[in-house]
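Chemist: Input file: model-v3.txt. Contents: compact mmCIF, N, CA and C atoms.
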```txt
# COMPACT_ATOMS: atom_id res chain seq x y z
N MET A 8 -14.91 -29.82 -41.34
CA MET A 8 -15.92 -29.28 -40.45
C MET A 8 -15.96 -30.06 -39.14
N LYS A 9 -15.80 -31.42 -39.26
CA LYS A 9 -15.82 -32.25 -38.06
C LYS A 9 -14.62 -31.95 -37.17
N LYS A 10 -13.48 -31.64 -37.78
CA LYS A 10 -12.28 -31.33 -37.01
C LYS A 10 -12.46 -30.05 -36.21
N ILE A 11 -13.11 -29.05 -36.80
CA ILE A 11 -13.35 -27.78 -36.11
C ILE A 11 -14.30 -27.98 -34.94
N LEU A 12 -15.39 -28.73 -35.16
CA LEU A 12 -16.33 -29.00 -34.08
C LEU A 12 -15.66 -29.81 -32.96
N PHE A 13 -14.82 -30.77 -33.34
CA PHE A 13 -14.11 -31.57 -32.36
C PHE A 13 -13.15 -30.69 -31.54
N ALA A 14 -12.46 -29.76 -32.20
CA ALA A 14 -11.54 -28.85 -31.51
C ALA A 14 -12.30 -27.94 -30.55
N ILE A 15 -13.44 -27.41 -30.99
CA ILE A 15 -14.26 -26.56 -30.13
C ILE A 15 -14.76 -27.35 -28.92
N LEU A 16 -15.17 -28.59 -29.14
CA LEU A 16 -15.64 -29.45 -28.06
C LEU A 16 -14.52 -29.70 -27.04
N LEU A 17 -13.31 -29.96 -27.52
CA LEU A 17 -12.18 -30.18 -26.62
C LEU A 17 -11.86 -28.92 -25.81
N ILE A 18 -11.92 -27.78 -26.46
CA ILE A 18 -11.66 -26.51 -25.76
C ILE A 18 -12.71 -26.28 -24.68
N CYS A 19 -13.97 -26.52 -25.00
CA CYS A 19 -15.04 -26.33 -24.02
C CYS A 19 -14.89 -27.27 -22.83
N ILE A 20 -14.56 -28.51 -23.10
CA ILE A 20 -14.37 -29.49 -22.01
C ILE A 20 -13.16 -29.08 -21.16
N GLY A 21 -12.09 -28.67 -21.81
CA GLY A 21 -10.90 -28.23 -21.07
C GLY A 21 -11.18 -27.03 -20.19
N LEU A 22 -11.90 -26.06 -20.73
CA LEU A 22 -12.25 -24.88 -19.94
C LEU A 22 -13.16 -25.24 -18.77
N ALA A 23 -14.09 -26.15 -19.02
CA ALA A 23 -15.00 -26.57 -17.94
C ALA A 23 -14.23 -27.28 -16.83
N LEU A 24 -13.26 -28.11 -17.19
CA LEU A 24 -12.48 -28.82 -16.18
C LEU A 24 -11.58 -27.88 -15.40
N PHE A 25 -10.88 -26.99 -16.09
CA PHE A 25 -9.98 -26.08 -15.40
C PHE A 25 -10.73 -24.98 -14.66
N GLY A 26 -11.93 -24.70 -15.06
CA GLY A 26 -12.73 -23.69 -14.38
C GLY A 26 -13.31 -24.17 -13.06
N GLN A 27 -13.20 -25.46 -12.79
CA GLN A 27 -13.77 -26.04 -11.57
C GLN A 27 -12.84 -25.95 -10.37
N THR A 28 -11.64 -25.49 -10.56
CA THR A 28 -10.74 -25.42 -9.42
C THR A 28 -11.24 -24.35 -8.46
N THR A 29 -11.18 -24.66 -7.19
CA THR A 29 -11.61 -23.70 -6.18
C THR A 29 -10.44 -23.39 -5.27
N THR A 30 -10.39 -22.18 -4.85
CA THR A 30 -9.40 -21.80 -3.87
C THR A 30 -10.14 -21.34 -2.63
N THR A 31 -9.73 -21.84 -1.51
CA THR A 31 -10.37 -21.44 -0.26
C THR A 31 -9.45 -20.48 0.46
N PHE A 32 -10.05 -19.48 1.04
CA PHE A 32 -9.31 -18.49 1.79
C PHE A 32 -9.33 -18.88 3.26
N THR A 33 -8.16 -19.05 3.82
CA THR A 33 -8.04 -19.32 5.24
C THR A 33 -7.34 -18.13 5.87
N PRO A 34 -8.07 -17.39 6.72
CA PRO A 34 -7.43 -16.23 7.32
C PRO A 34 -6.30 -16.66 8.26
N PRO A 35 -5.29 -15.85 8.37
CA PRO A 35 -4.19 -16.19 9.27
C PRO A 35 -4.69 -16.29 10.72
N SER A 36 -4.09 -17.18 11.47
CA SER A 36 -4.54 -17.39 12.85
C SER A 36 -4.03 -16.32 13.79
N ASN A 37 -3.13 -15.49 13.34
CA ASN A 37 -2.55 -14.49 14.22
C ASN A 37 -3.16 -13.10 14.02
N ILE A 38 -4.41 -13.03 13.58
CA ILE A 38 -5.08 -11.74 13.40
C ILE A 38 -5.37 -11.15 14.77
N SER A 39 -5.05 -9.90 14.93
CA SER A 39 -5.24 -9.24 16.22
C SER A 39 -6.66 -8.71 16.34
N ALA A 40 -7.13 -8.64 17.56
CA ALA A 40 -8.45 -8.06 17.82
C ALA A 40 -8.36 -6.55 17.88
N TYR A 41 -7.16 -6.02 17.82
CA TYR A 41 -6.94 -4.58 17.91
C TYR A 41 -6.41 -4.04 16.59
N THR A 42 -6.64 -2.75 16.36
CA THR A 42 -5.99 -2.05 15.26
C THR A 42 -5.25 -0.87 15.87
N PHE A 43 -4.28 -0.35 15.17
CA PHE A 43 -3.48 0.75 15.68
C PHE A 43 -3.86 2.02 14.96
N ASP A 44 -4.03 3.09 15.70
CA ASP A 44 -4.35 4.37 15.11
C ASP A 44 -3.43 5.42 15.73
N GLY A 45 -2.39 5.77 15.01
CA GLY A 45 -1.51 6.82 15.49
C GLY A 45 -2.17 8.17 15.28
N SER A 46 -1.70 9.17 15.95
CA SER A 46 -2.28 10.50 15.77
C SER A 46 -1.16 11.52 15.68
N ARG A 47 -1.49 12.68 15.20
CA ARG A 47 -0.51 13.75 15.05
C ARG A 47 -0.09 14.33 16.40
N SER A 48 -0.95 14.18 17.39
CA SER A 48 -0.64 14.76 18.70
C SER A 48 0.37 13.92 19.48
N GLY A 49 0.78 12.80 18.91
CA GLY A 49 1.74 11.95 19.59
C GLY A 49 1.09 10.91 20.48
N VAL A 50 -0.22 10.99 20.65
CA VAL A 50 -0.92 10.00 21.46
C VAL A 50 -1.30 8.85 20.55
N GLU A 51 -0.78 7.69 20.86
CA GLU A 51 -1.06 6.52 20.04
C GLU A 51 -2.17 5.71 20.70
N LYS A 52 -3.15 5.31 19.92
CA LYS A 52 -4.31 4.60 20.45
C LYS A 52 -4.47 3.25 19.77
N LEU A 53 -4.77 2.25 20.56
CA LEU A 53 -5.20 0.98 20.02
C LEU A 53 -6.71 1.04 19.87
N LYS A 54 -7.21 0.49 18.79
CA LYS A 54 -8.66 0.48 18.57
C LYS A 54 -9.14 -0.95 18.50
N MET A 55 -10.41 -1.15 18.84
CA MET A 55 -10.99 -2.50 18.83
C MET A 55 -12.36 -2.45 18.18
N ASN A 56 -12.77 -3.59 17.63
CA ASN A 56 -14.10 -3.72 17.04
C ASN A 56 -15.09 -4.11 18.13
N THR A 57 -16.20 -3.39 18.19
CA THR A 57 -17.31 -3.75 19.07
C THR A 57 -18.59 -3.61 18.25
N TYR A 58 -19.60 -4.33 18.66
CA TYR A 58 -20.87 -4.34 17.93
C TYR A 58 -21.98 -3.98 18.90
N ILE A 59 -22.91 -3.17 18.43
CA ILE A 59 -24.08 -2.87 19.25
C ILE A 59 -25.31 -3.08 18.38
N LEU A 60 -26.20 -3.93 18.85
CA LEU A 60 -27.39 -4.32 18.11
C LEU A 60 -28.62 -4.06 18.97
N GLY A 61 -29.77 -4.15 18.39
CA GLY A 61 -31.00 -4.06 19.18
C GLY A 61 -31.56 -2.66 19.25
N GLN A 62 -32.06 -2.31 20.41
CA GLN A 62 -32.86 -1.11 20.60
C GLN A 62 -32.02 0.14 20.85
N VAL A 63 -31.20 0.50 19.86
CA VAL A 63 -30.43 1.75 19.88
C VAL A 63 -30.72 2.51 18.59
N ALA A 64 -30.39 3.80 18.59
CA ALA A 64 -30.68 4.62 17.41
C ALA A 64 -29.86 4.20 16.19
N LYS A 65 -28.58 3.85 16.40
CA LYS A 65 -27.70 3.51 15.27
C LYS A 65 -26.94 2.22 15.56
N PRO A 66 -27.59 1.05 15.38
CA PRO A 66 -26.87 -0.20 15.61
C PRO A 66 -25.80 -0.43 14.55
N GLY A 67 -24.79 -1.22 14.90
CA GLY A 67 -23.77 -1.56 13.93
C GLY A 67 -22.42 -1.83 14.55
N LEU A 68 -21.40 -1.85 13.70
CA LEU A 68 -20.02 -2.07 14.12
C LEU A 68 -19.40 -0.73 14.47
N TYR A 69 -18.72 -0.68 15.61
CA TYR A 69 -18.02 0.53 16.04
C TYR A 69 -16.57 0.18 16.32
N VAL A 70 -15.66 0.91 15.70
CA VAL A 70 -14.23 0.76 15.97
C VAL A 70 -13.88 1.87 16.96
N VAL A 71 -13.59 1.48 18.19
CA VAL A 71 -13.43 2.44 19.28
C VAL A 71 -12.09 2.25 19.97
N PRO A 72 -11.61 3.27 20.70
CA PRO A 72 -10.37 3.10 21.47
C PRO A 72 -10.51 1.96 22.48
N ASP A 73 -9.40 1.34 22.81
CA ASP A 73 -9.44 0.16 23.67
C ASP A 73 -9.84 0.45 25.11
N ASP A 74 -9.93 1.71 25.51
CA ASP A 74 -10.37 2.04 26.86
C ASP A 74 -11.84 2.49 26.91
N THR A 75 -12.60 2.18 25.87
CA THR A 75 -14.01 2.58 25.79
C THR A 75 -14.85 1.77 26.76
N ASP A 76 -15.77 2.44 27.44
CA ASP A 76 -16.68 1.72 28.33
C ASP A 76 -18.07 1.61 27.68
N PHE A 77 -18.94 0.89 28.35
CA PHE A 77 -20.29 0.63 27.85
C PHE A 77 -21.06 1.93 27.61
N LEU A 78 -20.96 2.87 28.53
CA LEU A 78 -21.70 4.13 28.43
C LEU A 78 -21.27 4.92 27.18
N THR A 79 -19.98 4.96 26.92
CA THR A 79 -19.48 5.68 25.74
C THR A 79 -19.97 5.03 24.45
N LEU A 80 -19.92 3.71 24.40
CA LEU A 80 -20.38 3.00 23.20
C LEU A 80 -21.87 3.21 22.99
N LEU A 81 -22.64 3.18 24.06
CA LEU A 81 -24.08 3.41 23.96
C LEU A 81 -24.36 4.83 23.44
N ALA A 82 -23.58 5.80 23.90
CA ALA A 82 -23.74 7.18 23.42
C ALA A 82 -23.37 7.29 21.94
N LEU A 83 -22.30 6.61 21.52
CA LEU A 83 -21.91 6.63 20.10
C LEU A 83 -23.01 6.06 19.21
N ALA A 84 -23.74 5.09 19.72
CA ALA A 84 -24.81 4.45 18.96
C ALA A 84 -26.11 5.25 19.03
N GLY A 85 -26.07 6.45 19.56
CA GLY A 85 -27.25 7.30 19.59
C GLY A 85 -28.14 7.10 20.80
N GLY A 86 -27.70 6.27 21.74
CA GLY A 86 -28.48 6.04 22.95
C GLY A 86 -29.58 5.02 22.74
N PRO A 87 -30.17 4.59 23.86
CA PRO A 87 -31.24 3.59 23.76
C PRO A 87 -32.53 4.20 23.23
N ARG A 88 -33.32 3.38 22.55
CA ARG A 88 -34.63 3.84 22.11
C ARG A 88 -35.60 3.74 23.29
N GLU A 89 -36.76 4.35 23.13
CA GLU A 89 -37.74 4.39 24.22
C GLU A 89 -38.19 3.01 24.66
N ASP A 90 -38.27 2.07 23.72
CA ASP A 90 -38.77 0.73 24.06
C ASP A 90 -37.67 -0.23 24.50
N ALA A 91 -36.45 0.27 24.74
CA ALA A 91 -35.34 -0.58 25.16
C ALA A 91 -35.53 -1.01 26.61
N LYS A 92 -35.18 -2.26 26.89
CA LYS A 92 -35.25 -2.78 28.25
C LYS A 92 -33.90 -2.52 28.92
N LEU A 93 -33.81 -1.46 29.68
CA LEU A 93 -32.54 -1.01 30.23
C LEU A 93 -32.06 -1.82 31.43
N SER A 94 -32.94 -2.58 32.04
CA SER A 94 -32.55 -3.32 33.24
C SER A 94 -31.89 -4.66 32.91
N LYS A 95 -31.90 -5.07 31.67
CA LYS A 95 -31.35 -6.38 31.32
C LYS A 95 -30.66 -6.32 29.96
N ILE A 96 -29.48 -5.71 29.93
CA ILE A 96 -28.71 -5.58 28.70
C ILE A 96 -27.62 -6.64 28.72
N ARG A 97 -27.49 -7.35 27.62
CA ARG A 97 -26.55 -8.47 27.53
C ARG A 97 -25.36 -8.09 26.65
N ILE A 98 -24.17 -8.34 27.17
CA ILE A 98 -22.94 -8.20 26.39
C ILE A 98 -22.40 -9.61 26.17
N VAL A 99 -22.28 -10.00 24.91
CA VAL A 99 -21.71 -11.31 24.58
C VAL A 99 -20.23 -11.07 24.29
N ARG A 100 -19.40 -11.71 25.08
CA ARG A 100 -17.96 -11.48 25.02
C ARG A 100 -17.24 -12.76 24.61
N PRO A 101 -16.51 -12.72 23.48
CA PRO A 101 -15.75 -13.92 23.10
C PRO A 101 -14.58 -14.14 24.05
N SER A 102 -14.32 -15.41 24.35
CA SER A 102 -13.18 -15.76 25.18
C SER A 102 -12.62 -17.09 24.69
N GLU A 103 -11.50 -17.49 25.23
CA GLU A 103 -10.87 -18.74 24.81
C GLU A 103 -11.74 -19.95 25.16
N GLU A 104 -12.54 -19.84 26.21
CA GLU A 104 -13.40 -20.94 26.63
C GLU A 104 -14.73 -20.96 25.88
N GLY A 105 -14.98 -19.98 25.06
CA GLY A 105 -16.26 -19.84 24.36
C GLY A 105 -16.83 -18.46 24.66
N GLU A 106 -18.07 -18.26 24.32
CA GLU A 106 -18.67 -16.94 24.55
C GLU A 106 -19.15 -16.83 26.00
N LYS A 107 -18.91 -15.67 26.57
CA LYS A 107 -19.31 -15.37 27.94
C LYS A 107 -20.35 -14.26 27.88
N VAL A 108 -21.35 -14.31 28.74
CA VAL A 108 -22.39 -13.27 28.76
C VAL A 108 -22.21 -12.43 30.01
N VAL A 109 -22.14 -11.11 29.82
CA VAL A 109 -22.06 -10.15 30.91
C VAL A 109 -23.36 -9.36 30.91
N TRP A 110 -24.03 -9.30 32.04
CA TRP A 110 -25.30 -8.58 32.14
C TRP A 110 -25.07 -7.19 32.71
N VAL A 111 -25.75 -6.20 32.14
CA VAL A 111 -25.64 -4.81 32.59
C VAL A 111 -27.04 -4.32 32.93
N ASN A 112 -27.18 -3.74 34.14
CA ASN A 112 -28.44 -3.12 34.54
C ASN A 112 -28.26 -1.61 34.41
N PHE A 113 -28.51 -1.10 33.21
CA PHE A 113 -28.31 0.32 32.94
C PHE A 113 -29.33 1.18 33.68
N LYS A 114 -30.51 0.65 33.91
CA LYS A 114 -31.54 1.38 34.66
C LYS A 114 -31.04 1.67 36.07
N GLU A 115 -30.41 0.69 36.69
CA GLU A 115 -29.86 0.89 38.04
C GLU A 115 -28.76 1.95 38.02
N TYR A 116 -27.94 1.96 36.97
CA TYR A 116 -26.90 2.98 36.85
C TYR A 116 -27.53 4.37 36.75
N LEU A 117 -28.59 4.51 35.96
CA LEU A 117 -29.24 5.81 35.81
C LEU A 117 -29.83 6.29 37.13
N GLU A 118 -30.31 5.36 37.95
CA GLU A 118 -30.90 5.73 39.24
C GLU A 118 -29.84 6.03 40.29
N SER A 119 -28.72 5.30 40.27
CA SER A 119 -27.72 5.45 41.33
C SER A 119 -26.51 6.28 40.92
N GLY A 120 -26.17 6.26 39.64
CA GLY A 120 -24.97 6.96 39.17
C GLY A 120 -23.68 6.25 39.54
N ASP A 121 -23.76 5.01 39.97
CA ASP A 121 -22.59 4.24 40.39
C ASP A 121 -21.76 3.81 39.18
N PRO A 122 -20.55 4.36 38.99
CA PRO A 122 -19.74 4.01 37.82
C PRO A 122 -19.27 2.55 37.82
N ALA A 123 -19.33 1.88 38.96
CA ALA A 123 -18.93 0.47 39.02
C ALA A 123 -19.89 -0.41 38.22
N LEU A 124 -21.08 0.09 37.91
CA LEU A 124 -22.06 -0.68 37.15
C LEU A 124 -21.81 -0.64 35.64
N ILE A 125 -20.85 0.18 35.20
CA ILE A 125 -20.56 0.35 33.77
C ILE A 125 -19.30 -0.45 33.43
N PRO A 126 -19.43 -1.54 32.65
CA PRO A 126 -18.25 -2.35 32.33
C PRO A 126 -17.42 -1.74 31.20
N GLU A 127 -16.13 -2.07 31.23
CA GLU A 127 -15.24 -1.73 30.11
C GLU A 127 -15.56 -2.68 28.96
N MET A 128 -15.49 -2.18 27.74
CA MET A 128 -15.71 -3.02 26.58
C MET A 128 -14.41 -3.74 26.23
N LYS A 129 -14.56 -4.93 25.65
CA LYS A 129 -13.42 -5.74 25.22
C LYS A 129 -13.54 -5.98 23.72
N PRO A 130 -12.44 -6.31 23.04
CA PRO A 130 -12.50 -6.54 21.59
C PRO A 130 -13.49 -7.65 21.24
N GLY A 131 -14.34 -7.37 20.26
CA GLY A 131 -15.30 -8.36 19.79
C GLY A 131 -16.59 -8.42 20.58
N ASP A 132 -16.74 -7.56 21.60
CA ASP A 132 -17.98 -7.54 22.39
C ASP A 132 -19.17 -7.21 21.50
N THR A 133 -20.29 -7.86 21.77
CA THR A 133 -21.55 -7.58 21.08
C THR A 133 -22.59 -7.27 22.13
N ILE A 134 -23.19 -6.09 22.03
CA ILE A 134 -24.25 -5.70 22.96
C ILE A 134 -25.57 -6.00 22.30
```
Output the file's structure in the form of structure tokens.
Modeler:
Amino acid sequence: MKKILFAILLICIGLALFGQTTTTFTPPSNISAYTFDGSRSGVEKLKMNTYILGQVAKPGLYVVPDDTDFLTLLALAGGPREDAKLSKIRIVRPSEEGEKVVWVNFKEYLESGDPALIPEMKPGDTI
């Protein structure tokens, strides 16, 4: 009986020791900010991840073509809510030097219609 209990104890200790190994996942450093989306029409598009948070109808992650501008992304997210502050919209843009903030005055765009006020989106942008 003592031999059986001793064997069970050894098995439990062995399982506990071998169960403690951890593996860490390190993503490859060469992950692209773009994804490729071919189409049947022969037009090949690169897509990028962008995020829109805050006072919009549908906040979240949007995978959009690489030529998407701020206005298009805002429309995809259902547009701004009534309580959104349109004169001071912040785009946080990752860069090699760290995060950069781009300010957009969408209220001024609505009043003037000047397309120069609408920035192009970049991969990883967060509004």
Chemist: Which distance in Å separates atom C of A:Lys129 and atom CA of A:Gly67, to one decimal?
Modeler: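 These two atoms are separated by 14.8 Å.
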Chemist: Considering all atoms listed in the file, can you say which of A:Thr57, A:Gln62, A:Thr75, A:Ser102 comes closest to A:Arg88?
Modeler: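 The closest residue to A:Arg88 is A:Gln62.
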Chemist: Enumerate as a ChimeraX atom specification all residues of stretch 41-103 of chain A assigned to strand (DSSP E) by DSSP on the backbone, naming them with the chain letters and numbers the document uses.
Modeler: /A:41-44,52-59,67-72,96-102
Chemist: Please indicate the distance in Å from atom CA of A:Thr133 to atom CA of A:Ala84, rounded to one decimal place.
Modeler: 12.6 Å
Chemist: So, with all atoms listed in the file as the atoms that count, which of A:Lys65, A:Lys9, A:Lys52, A:Lys114 lies closest to A:Lys92?
Modeler: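 Answer, going by the shortest atom-to-atom distance: A:Lys114.
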Chemist: For the atom pair atom C of A:Asp74 and atom C of A:Glu118, what is the interatomic distance in Å to one decimal place?
Modeler: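 Between these atoms lies a distance of 22.7 Å.
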Chemist: Tell me, as a list of chain:residue names, which residues lie within 7 Å of A:Leu124, counting only N, CA and C atoms; anything in the same chain fewer than 3 positions away does not count.
Modeler: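 Selected residues are A:Val111, A:Asn112, A:Tyr116, A:Gly120, A:Asp121.
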Chemist: Which is closer to A:Val71 than all the others in A:Leu117, A:Leu53, A:Val109, A:Ile59, using all atoms listed in the file?
Modeler: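 When distances to A:Val71 are compared using all atoms listed in the file, the smallest one comes from A:Leu53.
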Chemist: Determine the nearest neighbour of A:Gly131 from the options A:Val70, A:Met55, A:Leu83, A:Ile20, counting all atoms listed in the file.
Modeler: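 That would be A:Met55, the residue with the smallest distance to A:Gly131.
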Chemist: Counting all atoms listed in the file, which of A:Glu89, A:Asp73, A:Asp132, A:Leu68 gets nearest to A:Lys54?
Modeler: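 With all atoms listed in the file as the atom set, the closest residue is A:Asp73.
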Chemist: Counting only C-alpha atoms, write as a PyMOL selection string all protein and nucleic acid residues lying at most 12 Å from (-21.1, -8.8, 24.8) in the file's frame.
Modeler: chain A and resi 56-60+76-77+80+96-102+106-111+126-134
